[in-house]
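First the structure, in the form of structure tokens, and then the observations on it.
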Amino acid sequence: MKCGRDGNFSKSELRRFGNIELSPSAGVLNYGQGLFEGLKAYRKRDGNILLFRPEENALRMRMGAERMCMPAPTVEQFVEAVKATVLANRRWIPPTGKGSLYIRPLLMGSGAVLGLAPSPEYTFLIYVSPVGNYFKEGVAPIHLVVERELHRATPGGTGGVKTIGNYAAVLKAQSAAKVKGFSDVLYLDCVHKQYLEEVSSCNIFVVKDNVISTPSIKGTILPGITRKSIIDVARSEGFQVEERLVAVEELLDADEVFCTGTAVVVSPVGSITYRDRRVTYVEGVFGVVAEQLYSVLTRLQMGLIDDKMNWTVELR
Ligand code: PMP
């Protein structure tokens, strides 16, 4: 779908996956006017398909578009386009429990612009790919390193929206961490260099004495849809959940740490390295709290338990 600055998108169409043509002076290539989303479709045991909270992705893209001076599809246009793309690719959705179809909606300034200004034209597209586990560890503890020099977001910047440049900003720290054998990087706030923010592509939770804490949303971390869902699931399971400033020192005596995201679902953290000190958590696959939350969320997403929250959208 395309539109001009007025935001009136043309009708959507289905095309085979392939290259797209862009002007060398497209806004996205020169000034980073690009946003993306990520969501998943799961196959139920009866063969039907479940989308997980697609309207939340539509709303987050609209919020990001406002920050990036871009028009965005309406919630209805977004969700309808996701449904049409998934149905056209239903043969790629793995059987229940064997993975999912990852859906990548992308909004970009596709019009030519030479001087710094918002692009005169925008393109919204969606592509999909079947996926298994995100980390090479599979469903197994991941190993994080706290980054003390490089930051992915600053107050007043774009860290709170899913713009493409945020991901370029993490590549250097993430690549260096992977060379050293870590799974990913945990970022700190750039003002005090003391409070937890998030991992390159997921949010973080710390458990101490059965109380679950996660950094509050204040413009520098992505408001994860899995984060929000896990907070609701945890509260409905009777846990106390706090959204607040979480100091890095709290990692030292936490009982459990886990990450959440569409791609990583709920990933247990096995160790965190901070200032050359390695703190280890789970011995087995999951800590008890993360395991309970993982089990509820994944069964809900795959349609194996009743969706009391009304989060899933079923496609036949
Ligand atoms: N933080 C960042 C930086 C991310 O890229 C993601 C993945 N979208 C998340 C957190 C988790 O968000 P969600 O649960 O909506 O996938």
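Each chain of the structure tokens is named A, B, ... in the order shown, its residues numbered from 1; ligands are numbered from 1 in display order.
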Which polymer residues have any atom within 9 Å of an atom of Thr312 of chain A, counting only C-alpha atoms, with same-chain residues fewer than 3 positions away left out, as a compact mmCIF listing (two decimals) with N, CA and C atoms, in the first residue's frame?
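Written out: out_35.txt:
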```
# COMPACT_ATOMS: atom_id res chain seq x y z
N LEU A 50 -4.12 -18.69 14.65
CA LEU A 50 -4.33 -17.65 15.66
C LEU A 50 -3.30 -16.55 15.51
N LEU A 51 -3.79 -15.31 15.46
CA LEU A 51 -2.90 -14.14 15.53
C LEU A 51 -2.93 -13.67 16.98
N PHE A 52 -1.80 -13.15 17.46
CA PHE A 52 -1.75 -12.68 18.84
C PHE A 52 -1.77 -11.15 18.88
N ARG A 53 -2.84 -10.58 19.32
CA ARG A 53 -3.01 -9.14 19.56
C ARG A 53 -2.55 -8.23 18.41
N PRO A 54 -2.98 -8.50 17.17
CA PRO A 54 -2.47 -7.70 16.05
C PRO A 54 -2.81 -6.21 16.13
N LEU A 300 -1.78 -20.22 25.49
CA LEU A 300 -2.81 -19.28 25.03
C LEU A 300 -2.60 -18.93 23.55
N GLN A 301 -1.33 -18.68 23.20
CA GLN A 301 -1.03 -18.28 21.81
C GLN A 301 -1.33 -19.40 20.82
N GLY A 303 -3.64 -21.69 21.27
CA GLY A 303 -5.04 -22.10 21.38
C GLY A 303 -5.21 -23.38 22.18
N ASP A 307 -8.90 -18.63 25.87
CA ASP A 307 -8.36 -17.27 25.79
C ASP A 307 -9.29 -16.32 26.55
N MET A 309 -8.55 -13.71 28.06
CA MET A 309 -8.16 -12.30 27.87
C MET A 309 -8.69 -11.74 26.55
```
Next on the checklist: As a quick test: using only C-alpha atoms and all ligand atoms, which residues lie no more than 6 Å away from ligand 1? Give them as a list in words.
Outcome noted: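 Selection of residues at most 6 Å from ligand 1: Gly38, Ser200, Ser201, Cys202, Asn203, Leu222, Gly224, Ile225, Thr226, Arg227, Thr260, Gly261 and Thr262 of chain A.
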Next on the checklist: Which residue is closest to Ser229 of chain A? Choose from A:Ala58, A:Cys190, A:Leu293, A:Ala168 and count only C-alpha atoms.
Outcome noted: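 Under the stated criterion, the closest residue is A:Leu293.
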Next on the checklist: When DSSP is applied to the backbone of this structure, which of segment 59-229 of chain A are assigned alpha helix (DSSP H)? Write them out as number ranges by chain.
Outcome noted: A: 59-67, 75-88, 164-179, 225-229
Using only C-alpha atoms, tabulate the residues of segment 84-148 of chain A lying at most 8 Å from any atom of segment 61-75 of chain A, each with its closest atom pair and that distance in Å to one decimal, by chain and increasing residue number, as a tab-separated table.
```
residue	atom	partner	partner_atom	distance
A:Leu107	CA	A:Ala72	CA	7.5
A:Gly109	CA	A:Met70	CA	7.4
A:Pro118	CA	A:Cys69	CA	6.4
A:Tyr122	CA	A:Pro71	CA	7.6
A:Phe124	CA	A:Pro73	CA	7.7
```
Next on the checklist: Give me the residues near Lys218 of chain A as a list in words, where near means some atom within 10 Å (using only C-alpha atoms) and where sequence neighbours in that chain fewer than 4 positions away do not count.
Outcome noted: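 The neighbour list is Pro155, Gly156, Gly159, Gly160, Glu197, Leu222, Pro223, Arg244 and Leu245 of chain A.
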Next on the checklist: List as a VMD selection string the protein and nucleic acid residues near Lys172 of chain A, meaning an atom at most 12 Å away when only C-alpha atoms are counted, but skip any in the same chain fewer than 6 places from it.
Outcome noted: chain A and resid 147 149 to 152 166 178 to 179 184 to 185 200
Given the selection you just returned, output its residues as a file containing N, CA and C atoms, formatted as an mmCIF file, in the first residue's frame.
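Produced file part-v7.cif, reproduced below:
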```cif
data_model
loop_
_atom_site.group_PDB
_atom_site.id
_atom_site.type_symbol
_atom_site.label_atom_id
_atom_site.label_comp_id
_atom_site.auth_asym_id
_atom_site.auth_seq_id
_atom_site.Cartn_x
_atom_site.Cartn_y
_atom_site.Cartn_z
ATOM 1 N N GLU A 147 26.036 -3.792 28.959
ATOM 2 C CA GLU A 147 26.846 -2.863 28.163
ATOM 3 C C GLU A 147 26.956 -1.540 28.937
ATOM 4 N N GLU A 149 29.147 1.203 27.889
ATOM 5 C CA GLU A 149 29.590 2.345 27.087
ATOM 6 C C GLU A 149 28.549 2.774 26.052
ATOM 7 N N LEU A 150 28.069 1.783 25.287
ATOM 8 C CA LEU A 150 27.160 2.103 24.176
ATOM 9 C C LEU A 150 25.709 2.055 24.641
ATOM 10 N N HIS A 151 24.907 2.959 24.090
ATOM 11 C CA HIS A 151 23.488 3.021 24.456
ATOM 12 C C HIS A 151 22.639 2.898 23.213
ATOM 13 N N ARG A 152 21.427 2.355 23.376
ATOM 14 C CA ARG A 152 20.524 2.258 22.221
ATOM 15 C C ARG A 152 19.515 3.400 22.191
ATOM 16 N N ASN A 166 17.105 2.330 15.492
ATOM 17 C CA ASN A 166 17.393 1.789 16.826
ATOM 18 C C ASN A 166 18.143 0.470 16.725
ATOM 19 N N LYS A 178 28.455 -11.196 20.889
ATOM 20 C CA LYS A 178 28.326 -12.547 20.313
ATOM 21 C C LYS A 178 29.695 -13.176 20.085
ATOM 22 N N VAL A 179 30.660 -12.339 19.660
ATOM 23 C CA VAL A 179 32.027 -12.857 19.461
ATOM 24 C C VAL A 179 32.561 -13.427 20.782
ATOM 25 N N ASP A 184 23.285 -12.039 23.991
ATOM 26 C CA ASP A 184 22.824 -10.684 23.664
ATOM 27 C C ASP A 184 23.307 -9.704 24.728
ATOM 28 N N VAL A 185 22.899 -8.436 24.536
ATOM 29 C CA VAL A 185 23.388 -7.330 25.367
ATOM 30 C C VAL A 185 22.235 -6.762 26.192
ATOM 31 N N SER A 200 18.634 -6.074 23.243
ATOM 32 C CA SER A 200 18.552 -5.547 21.870
ATOM 33 C C SER A 200 17.188 -5.744 21.225
#
```
Next on the checklist: Using only C-alpha atoms, which protein or nucleic acid residues come within 10 Å of Glu249 of chain A? Drop anything in the same chain fewer than 2 positions from it, and give the result as a PyMOL selection string.
Outcome noted: chain A and resi 194-196+246-247+251-254+274
Item to check | Separation of atom CA of Val241 of chain A from atom CA of Tyr167 of chain A in Å | outcome: 28.3 Å
Checklist entry - Got a sec to tell me which of segment 69-155 of chain A DSSP assigns to strand (DSSP E), as JSON, numbers by chain? => result {"A": [100, 101, 102, 103, 104, 105, 106, 107, 108, 109, 121, 122, 123, 124, 125, 126, 127, 128, 129, 130, 131, 142, 143, 144, 145, 146, 147]}
Checklist entry - Near segment 32-37 of chain A, within 6 Å and counting only C-alpha atoms, which residues show up once chain neighbours fewer than 6 positions away are dropped, as a ChimeraX atom specification? => result /A:104-109,162-164
Checklist entry - Which value, in Å to one decimal, gives the distance between atom CA of Asn48 of chain A and atom CA of Gly97 of chain A? => result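 Separation between atom CA of Asn48 of chain A and atom CA of Gly97 of chain A: 13.7 Å.
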